[in-house]
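Below: coords28.cif (mmCIF, C-alpha atoms)
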data_target
loop_
_atom_site.label_atom_id
_atom_site.label_comp_id
_atom_site.auth_asym_id
_atom_site.auth_seq_id
_atom_site.Cartn_x
_atom_site.Cartn_y
_atom_site.Cartn_z
CA GLY A 1 72.12 -0.32 -81.27
CA ASN A 2 68.85 0.99 -82.64
CA LYS A 3 67.54 2.17 -79.26
CA PRO A 4 66.10 5.63 -78.46
CA LEU A 5 69.29 6.88 -76.87
CA LEU A 6 69.57 10.45 -78.14
CA LYS A 7 67.28 13.11 -76.76
CA THR A 8 66.65 16.85 -76.62
CA ARG A 9 64.27 18.66 -74.31
CA THR A 10 61.32 18.04 -76.64
CA THR A 11 62.31 15.46 -79.22
CA SER A 12 64.01 12.06 -79.10
CA PHE A 13 66.01 10.43 -81.88
CA GLU A 14 67.36 6.99 -82.55
CA LYS A 15 70.95 6.93 -83.77
CA THR A 16 69.83 5.74 -87.19
CA GLU A 17 67.61 8.83 -87.57
CA LEU A 18 70.54 11.07 -86.70
CA LEU A 19 72.81 9.44 -89.27
CA GLN A 20 70.15 9.72 -91.98
CA ASP A 21 70.12 13.52 -91.66
CA PRO A 22 72.86 14.71 -89.27
CA LYS A 23 72.68 18.35 -90.39
CA LEU A 24 68.98 18.51 -89.50
CA HIS A 25 69.01 16.59 -86.20
CA GLY A 26 72.57 17.00 -84.90
CA PRO A 27 72.37 20.63 -83.74
CA GLU A 28 69.16 19.88 -81.78
CA ILE A 29 70.65 17.21 -79.54
CA GLN A 30 71.84 18.34 -76.12
CA ALA A 31 71.84 15.03 -74.22
CA MET A 32 72.87 11.53 -75.19
CA PHE A 33 71.74 8.45 -73.25
CA THR A 34 73.99 5.39 -73.33
CA ARG A 35 73.43 1.95 -71.89
CA SER A 36 75.14 -1.39 -72.43
CA CYS A 37 77.85 0.41 -74.44
CA CYS A 38 75.31 1.68 -77.02
CA PRO A 39 75.72 3.91 -78.88
CA THR A 40 79.50 3.98 -79.24
CA VAL A 41 80.55 7.48 -78.23
CA ASP A 42 83.50 8.33 -80.47
CA SER A 43 84.85 11.36 -82.31
CA SER A 44 82.79 10.64 -85.43
CA LEU A 45 79.54 10.70 -83.45
CA LEU A 46 80.47 13.69 -81.32
CA SER A 47 81.40 15.70 -84.42
CA LEU A 48 77.74 15.49 -85.48
CA LEU A 49 76.51 16.95 -82.17
CA PRO A 50 77.71 20.55 -81.80
CA SER A 51 75.14 21.35 -79.08
CA LEU A 52 75.78 18.27 -76.95
CA LYS A 53 76.11 19.02 -73.23
CA VAL A 54 76.05 15.61 -71.56
CA VAL A 55 76.51 11.88 -72.10
CA SER A 56 74.22 10.29 -69.52
CA ASN A 57 75.34 6.71 -68.94
CA GLY A 58 73.17 3.96 -67.49
CA GLY A 59 75.16 2.08 -64.84
CA ALA A 60 78.07 2.99 -62.61
CA GLY A 61 80.83 1.69 -64.88
CA VAL A 62 82.11 4.07 -67.56
CA ASP A 63 85.09 2.01 -68.74
CA HIS A 64 83.53 1.87 -72.23
CA LEU A 65 83.64 5.68 -72.48
CA ASP A 66 86.74 7.77 -73.19
CA VAL A 67 85.89 10.21 -70.42
CA PRO A 68 88.97 12.46 -70.88
CA PHE A 69 88.22 12.85 -74.59
CA ILE A 70 84.51 13.50 -74.10
CA THR A 71 84.98 16.02 -71.31
CA GLY A 72 87.73 17.63 -73.36
CA GLN A 73 85.04 18.48 -75.91
CA GLY A 74 83.17 20.40 -73.21
CA VAL A 75 80.65 17.57 -72.69
CA LYS A 76 79.84 16.26 -69.22
CA VAL A 77 79.69 12.54 -68.46
CA THR A 78 77.35 11.14 -65.81
CA ASN A 79 76.57 7.71 -64.40
CA THR A 80 74.06 6.07 -62.05
CA PRO A 81 75.93 4.83 -58.96
CA GLY A 82 73.76 2.88 -56.57
CA ALA A 83 70.88 2.37 -58.99
CA VAL A 84 71.60 -1.33 -59.49
CA SER A 85 73.82 -2.08 -56.49
CA GLY A 86 71.13 -3.97 -54.58
CA SER A 87 70.13 -6.15 -57.50
CA ALA A 88 73.78 -6.79 -58.37
CA ALA A 89 74.45 -7.89 -54.79
CA ASP A 90 71.48 -10.27 -55.06
CA VAL A 91 73.01 -11.81 -58.19
CA ALA A 92 76.35 -12.25 -56.41
CA MET A 93 74.66 -14.33 -53.73
CA LEU A 94 72.56 -16.14 -56.34
CA LEU A 95 75.67 -17.18 -58.25
CA LEU A 96 77.45 -18.19 -55.07
CA LEU A 97 74.59 -20.42 -53.89
CA ALA A 98 73.79 -21.83 -57.35
CA SER A 99 77.44 -22.78 -57.88
CA ALA A 100 77.85 -24.23 -54.40
CA ARG A 101 74.76 -26.44 -54.73
CA LYS A 102 75.13 -27.16 -58.48
CA ILE A 103 71.62 -25.92 -59.19
CA VAL A 104 71.95 -25.74 -62.98
CA GLU A 105 73.55 -29.18 -63.28
CA SER A 106 70.82 -30.68 -61.08
CA LYS A 107 67.97 -29.49 -63.29
CA GLY A 108 65.72 -32.34 -64.34
CA GLN A 109 67.62 -34.99 -62.38
CA SER A 110 65.84 -37.97 -60.77
CA ALA A 111 65.28 -38.36 -57.03
CA VAL A 112 68.45 -40.45 -56.76
CA LEU A 113 71.22 -37.91 -57.25
CA PRO A 114 74.65 -38.95 -58.54
CA GLU A 115 77.62 -38.03 -56.40
CA ARG A 116 78.87 -35.54 -58.97
CA LEU A 117 75.90 -33.31 -58.07
CA ARG A 118 76.83 -33.16 -54.40
CA GLY A 119 77.39 -29.56 -53.42
CA VAL A 120 79.40 -27.74 -50.78
CA GLU A 121 78.12 -26.11 -47.59
CA VAL A 122 77.74 -22.36 -47.54
CA THR A 123 76.72 -22.05 -43.90
CA GLY A 124 79.82 -21.55 -41.76
CA SER A 125 82.04 -20.82 -44.75
CA THR A 126 84.15 -17.70 -45.28
CA LEU A 127 83.10 -15.19 -47.91
CA GLY A 128 85.80 -12.86 -49.24
CA ILE A 129 84.65 -9.65 -50.94
CA ILE A 130 87.14 -7.79 -53.11
CA GLY A 131 85.97 -4.19 -53.31
CA MET A 132 83.84 -2.38 -50.75
CA GLY A 133 81.89 0.12 -52.79
CA GLU A 134 78.09 0.20 -52.98
CA ILE A 135 77.78 -3.36 -54.29
CA GLY A 136 80.43 -4.90 -52.04
CA TYR A 137 78.82 -3.30 -49.00
CA LYS A 138 75.40 -4.67 -49.91
CA ILE A 139 76.84 -8.14 -50.46
CA ALA A 140 78.28 -7.97 -46.93
CA GLN A 141 74.83 -7.01 -45.66
CA ARG A 142 73.27 -10.06 -47.32
CA LYS A 143 75.62 -12.66 -45.86
CA CYS A 144 73.81 -15.07 -43.55
CA SER A 145 75.62 -17.59 -41.32
CA VAL A 146 78.79 -16.82 -43.27
CA ASN A 147 82.04 -15.35 -41.97
CA THR A 148 82.98 -12.37 -44.10
CA CYS A 149 86.39 -10.95 -45.02
CA ILE A 150 86.92 -7.94 -47.26
CA LYS A 151 89.75 -6.46 -49.25
CA SER A 152 88.86 -2.95 -50.34
CA ILE A 153 90.88 -1.82 -53.32
CA PHE A 154 90.01 1.82 -52.85
CA LYS A 155 88.95 2.43 -49.25
CA LYS A 156 88.96 0.84 -45.82
CA GLU A 157 85.75 2.22 -44.38
CA ARG A 158 82.23 0.78 -44.58
CA VAL A 159 83.22 -2.76 -43.70
CA GLY A 160 79.68 -3.80 -42.75
CA GLY A 161 80.84 -5.85 -39.76
CA ALA A 162 83.33 -7.81 -41.85
CA THR A 163 86.97 -8.53 -41.08
CA PHE A 164 89.28 -6.28 -43.08
CA CYS A 165 92.18 -8.02 -44.84
CA GLU A 166 95.32 -5.93 -45.28
CA SER A 167 96.36 -7.88 -48.38
CA LEU A 168 94.63 -9.58 -51.26
CA ASP A 169 96.70 -12.70 -50.62
CA ASP A 170 95.33 -12.89 -47.08
CA LEU A 171 91.75 -12.72 -48.30
CA LEU A 172 92.33 -15.34 -51.00
CA ARG A 173 94.01 -17.68 -48.55
CA ARG A 174 91.18 -17.47 -46.00
CA SER A 175 88.08 -17.48 -48.22
CA ASP A 176 85.89 -20.36 -49.38
CA PHE A 177 84.02 -18.03 -51.74
CA VAL A 178 85.64 -14.97 -53.33
CA VAL A 179 83.34 -12.33 -54.81
CA ILE A 180 84.85 -9.62 -57.03
CA ALA A 181 82.95 -6.32 -56.86
CA VAL A 182 85.42 -3.70 -58.09
CA GLY A 183 85.18 -1.24 -60.94
CA LEU A 184 87.47 -1.56 -63.94
CA ALA A 185 90.54 0.67 -63.55
CA PRO A 186 94.25 0.39 -64.33
CA ASP A 187 94.91 -1.24 -60.95
CA THR A 188 92.08 -3.78 -61.27
CA ARG A 189 92.55 -4.89 -64.88
CA GLY A 190 93.92 -8.46 -64.66
CA LEU A 191 93.65 -8.33 -60.86
CA ILE A 192 92.99 -12.07 -60.65
CA SER A 193 95.47 -14.14 -62.66
CA HIS A 194 97.67 -17.23 -62.21
CA ARG A 195 99.37 -16.01 -59.04
CA GLU A 196 96.17 -14.96 -57.28
CA LEU A 197 94.29 -18.13 -58.23
CA SER A 198 97.16 -20.23 -56.83
CA ARG A 199 96.65 -18.50 -53.46
CA MET A 200 93.03 -19.66 -53.20
CA LYS A 201 91.86 -22.78 -51.41
CA PRO A 202 91.51 -25.90 -53.60
CA GLY A 203 87.81 -26.02 -52.71
CA ALA A 204 87.18 -22.32 -53.29
CA THR A 205 84.75 -20.69 -55.70
CA LEU A 206 85.41 -17.46 -57.61
CA VAL A 207 82.40 -15.20 -58.28
CA ASN A 208 82.83 -12.23 -60.63
CA ILE A 209 80.12 -9.56 -60.94
CA SER A 210 82.45 -6.66 -61.80
CA ARG A 211 83.99 -6.64 -65.29
CA GLY A 212 85.32 -9.50 -67.37
CA GLN A 213 88.73 -7.84 -67.77
CA VAL A 214 89.35 -8.05 -64.01
CA VAL A 215 89.93 -11.82 -64.33
CA ASP A 216 92.49 -13.46 -66.63
CA HIS A 217 90.29 -16.02 -68.38
CA ASP A 218 93.19 -18.18 -69.56
CA ALA A 219 94.50 -18.40 -66.00
CA LEU A 220 91.00 -19.22 -64.75
CA VAL A 221 90.60 -22.08 -67.25
CA LYS A 222 93.92 -23.59 -66.12
CA ALA A 223 93.04 -23.22 -62.45
CA LEU A 224 89.72 -24.99 -62.94
CA GLN A 225 91.10 -27.75 -65.12
CA SER A 226 93.94 -28.45 -62.71
CA GLY A 227 91.76 -28.35 -59.59
CA THR A 228 93.54 -25.28 -58.20
CA ILE A 229 90.05 -23.99 -57.36
CA ARG A 230 86.70 -25.79 -57.30
CA ALA A 231 84.44 -23.59 -59.40
CA ALA A 232 83.71 -20.19 -60.93
CA ALA A 233 80.45 -18.27 -61.31
CA LEU A 234 80.59 -15.32 -63.71
CA ASP A 235 78.04 -12.63 -64.49
CA VAL A 236 80.61 -10.90 -66.70
CA THR A 237 83.14 -12.09 -69.26
CA HIS A 238 85.48 -10.55 -71.80
CA PRO A 239 84.47 -10.55 -74.53
CA LYS A 240 80.76 -10.58 -73.80
CA PRO A 241 79.40 -13.00 -74.79
CA LEU A 242 82.24 -15.50 -75.00
CA PRO A 243 82.81 -16.92 -78.49
CA ARG A 244 81.43 -20.35 -79.23
CA GLY A 245 83.96 -23.01 -78.29
CA HIS A 246 85.62 -20.98 -75.53
CA PRO A 247 87.06 -23.37 -72.91
CA LEU A 248 85.05 -21.81 -70.07
CA LEU A 249 81.80 -22.77 -71.81
CA GLY A 250 82.72 -26.45 -71.74
CA LEU A 251 83.54 -26.73 -68.04
CA ARG A 252 80.90 -28.15 -65.69
CA SER A 253 82.48 -26.23 -62.85
CA VAL A 254 81.64 -22.88 -64.49
CA LEU A 255 78.32 -21.06 -64.25
CA ILE A 256 77.88 -18.05 -66.57
CA THR A 257 75.03 -15.55 -66.70
CA PRO A 258 74.74 -12.77 -69.32
CA HIS A 259 75.43 -9.75 -67.07
CA ILE A 260 72.04 -9.83 -65.32
CA GLY A 261 73.22 -7.98 -62.21
CA GLY A 262 71.03 -4.93 -62.81
CA ASN A 263 68.30 -6.58 -64.84
CA THR A 264 65.24 -6.11 -62.65
CA TYR A 265 62.25 -3.83 -63.24
CA ALA A 266 63.01 -1.77 -60.15
CA ALA A 267 66.71 -1.39 -60.94
CA ILE A 268 66.07 -0.34 -64.55
CA ASN A 269 63.47 2.17 -63.38
CA ARG A 270 65.91 3.66 -60.86
CA MET A 271 68.64 3.80 -63.48
CA SER A 272 66.40 5.46 -66.07
CA GLN A 273 65.18 8.04 -63.58
CA THR A 274 68.73 8.90 -62.53
CA MET A 275 69.88 9.13 -66.15
CA LEU A 276 67.06 11.58 -66.88
CA GLU A 277 67.78 13.67 -63.78
CA ASN A 278 71.47 13.85 -64.67
CA ALA A 279 70.71 14.93 -68.23
CA LEU A 280 68.15 17.55 -67.23
CA ALA A 281 70.57 19.07 -64.73
CA ALA A 282 73.28 19.32 -67.37
CA VAL A 283 71.15 20.86 -70.11
CA THR A 284 69.58 23.39 -67.70
CA SER A 285 72.94 24.40 -66.18
CA LEU A 286 72.06 23.07 -62.72
CA PRO A 287 74.54 21.19 -60.49
CA VAL A 288 74.96 17.71 -61.97
CA PRO A 289 74.49 15.12 -59.20
CA ASN A 290 76.47 12.23 -60.70
CA GLU A 291 79.14 13.80 -62.86
CA VAL A 292 82.10 11.55 -63.67
CA LYS A 293 85.43 13.28 -63.44
CA SER A 294 88.05 12.61 -66.07
CA ARG A 295 90.02 9.39 -65.57
CA ARG A 296 91.80 7.46 -68.30
CA LEU A 297 92.02 3.66 -68.30
CA ASN A 298 95.30 2.18 -69.50
#

Encoded form (structure tokens):
Amino acid sequence: GNKPLLKTRTTSFEKTELLQDPKLHGPEIQAMFTRSCCPTVDSSLLSLLPSLKVVSNGGAGVDHLDVPFITGQGVKVTNTPGAVSGSAADVAMLLLLASARKIVESKGQSAVLPERLRGVEVTGSTLGIIGMGEIGYKIAQRKCSVNTCIKSIFKKERVGGATFCESLDDLLRRSDFVVIAVGLAPDTRGLISHRELSRMKPGATLVNISRGQVVDHDALVKALQSGTIRAAALDVTHPKPLPRGHPLLGLRSVLITPHIGGNTYAAINRMSQTMLENALAAVTSLPVPNEVKSRRLN
């Protein structure tokens, strides 16, 4: 990316400027800002930045960063947990409702609607939330006239009045809508595959706002084509975007948005402010509020 992502206390640089004259600019840079996986933080880039103290990431997820390697170079890594959780929860409910009522397919239709555009009722249904972090909790807060079940991958507290499911199978079996709101980690990569999809109700909808790698796309295509589940609504895919001709793009039962979970003015402002605060704390040797501890993804 050619975004202004590299910054010192007084001067900012785009990555292209750094590469044009790394000996001049490299030693000045103490903080690097990353967002949407740009720039790629690898050994070749870090070798140009001998004074670097922090990689300040926009967003909670750091699965695109080799945190053990970066911190092993004496560089801190920070993120922005909570900055976009409210807007991401809004998108989860947006996808759920749009899929249930076939909003995109109905665009421009006449007053006499064909039966294929008939939707499913959300009121009185059961919403299953996989993951009860900041986003999962806020999704539970937004539910209205919906029974809510949760399966927390990491913790059992903060259930937001929902019914806690001891097993993922139990949640899948009971839910009409399943929303995935977990971070990407070794135990969540491929979390939803053939077996899990077969446990869902035939009329169920899968909503993914976490990471594309959490869902086995091949298994999802088969489940949708065979009628194992009714529909899927995805704010994330892997790769992102999907290549032209991918089977998911040709299914009417699939709604895909381009990772818009945190794309609001307020969310971006909160994220930017937190990124700046994290970086300033690191370069001035103050306690860093959102430091990410080393954890390697397999």

**Report entry** Residues near Gly128 in chain A, cut-off 9 Å, all atoms listed in the file, skip fewer than 2 positions along chain, as a ChimeraX atom specification
**Finding:** /A:126,130,147-151,171-172,174-180

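Taking CA of Phe33 in chain A and CA of Thr257 in chain A as endpoints, the distance between them is 25.1 Å.
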
**Report entry** Residue nearest Val55 in chain A among A:Lys76, A:Phe69, A:His217, A:Ser99 (counting all atoms listed in the file)
**Finding:** A:Lys76

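Take CA of Pro289 in chain A and CA of Pro186 in chain A: the distance between them is 25.2 Å.
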
Would you pick out the contacts of range 189-200 of chain A at 10 Å or less, using all atoms listed in the file, so that residues sharing its chain but fewer than 2 positions from it are not included, and give the list as a tab-separated table (two decimals) with C-alpha atoms, in the frame of the given file?
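Once written, part-v4.tsv looks like this:
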chain	number	residue	atom	x	y	z
A	168	LEU	CA	94.63	-9.58	-51.26
A	169	ASP	CA	96.70	-12.70	-50.62
A	170	ASP	CA	95.33	-12.89	-47.08
A	171	LEU	CA	91.75	-12.72	-48.30
A	172	LEU	CA	92.33	-15.34	-51.00
A	173	ARG	CA	94.01	-17.68	-48.55
A	174	ARG	CA	91.18	-17.47	-46.00
A	175	SER	CA	88.08	-17.48	-48.22
A	176	ASP	CA	85.89	-20.36	-49.38
A	177	PHE	CA	84.02	-18.03	-51.74
A	178	VAL	CA	85.64	-14.97	-53.33
A	180	ILE	CA	84.85	-9.62	-57.03
A	182	VAL	CA	85.42	-3.70	-58.09
A	183	GLY	CA	85.18	-1.24	-60.94
A	184	LEU	CA	87.47	-1.56	-63.94
A	185	ALA	CA	90.54	0.67	-63.55
A	186	PRO	CA	94.25	0.39	-64.33
A	187	ASP	CA	94.91	-1.24	-60.95
A	202	PRO	CA	91.51	-25.90	-53.60
A	203	GLY	CA	87.81	-26.02	-52.71
A	204	ALA	CA	87.18	-22.32	-53.29
A	205	THR	CA	84.75	-20.69	-55.70
A	206	LEU	CA	85.41	-17.46	-57.61
A	211	ARG	CA	83.99	-6.64	-65.29
A	212	GLY	CA	85.32	-9.50	-67.37
A	213	GLN	CA	88.73	-7.84	-67.77
A	214	VAL	CA	89.35	-8.05	-64.01
A	215	VAL	CA	89.93	-11.82	-64.33
A	216	ASP	CA	92.49	-13.46	-66.63
A	217	HIS	CA	90.29	-16.02	-68.38
A	218	ASP	CA	93.19	-18.18	-69.56
A	219	ALA	CA	94.50	-18.40	-66.00
A	220	LEU	CA	91.00	-19.22	-64.75
A	221	VAL	CA	90.60	-22.08	-67.25
A	222	LYS	CA	93.92	-23.59	-66.12
A	223	ALA	CA	93.04	-23.22	-62.45
A	224	LEU	CA	89.72	-24.99	-62.94
A	228	THR	CA	93.54	-25.28	-58.20
A	229	ILE	CA	90.05	-23.99	-57.36
A	230	ARG	CA	86.70	-25.79	-57.30
A	297	LEU	CA	92.02	3.66	-68.30
A	298	ASN	CA	95.30	2.18	-69.50

Query raised in the report: Any idea what's packed within 9 Å of Glu121 in chain A, counting only C-alpha atoms, ignoring anything in its chain fewer than 4 positions away? Could you give it as JSON, numbers by chain?
Result: {"A": [100, 101, 125]}

Query raised in the report: Within 6 Å of (70.6, 5.0, -58.7), in the coordinates the file gives, what residues turn up when you count only C-alpha atoms, written out as an MDAnalysis selection string?
Result: chainID A and resid 80:83 270:271 274

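Residues selected in this file by the PyMOL selection byres ((chain A and resi 288) around 12) comprise Lys53, Val54, Val55, Ser56, Lys76, Val77, Thr78, Asn79, Thr80, Thr274, Met275, Leu276, Glu277, Asn278, Ala279, Leu280, Ala281, Ala282, Val283, Thr284, Ser285, Leu286, Pro287, Pro289, Asn290, Glu291, Val292 and Lys293 of chain A.
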
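Distance-wise, CA of Thr123 in chain A and CA of Gly108 in chain A end up 25.4 Å apart.
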
What box, with edges along x, y and z, holds each listed atom of range 180-186 of chain A when 8 Å is added on every side, and can you state its centre and edge lengths in Å to one decimal, as lines of an AutoDock Vina configuration file?
center_x = 88.6
center_y = -4.5
center_z = -60.6
size_x = 27.3
size_y = 26.3
size_z = 23.5
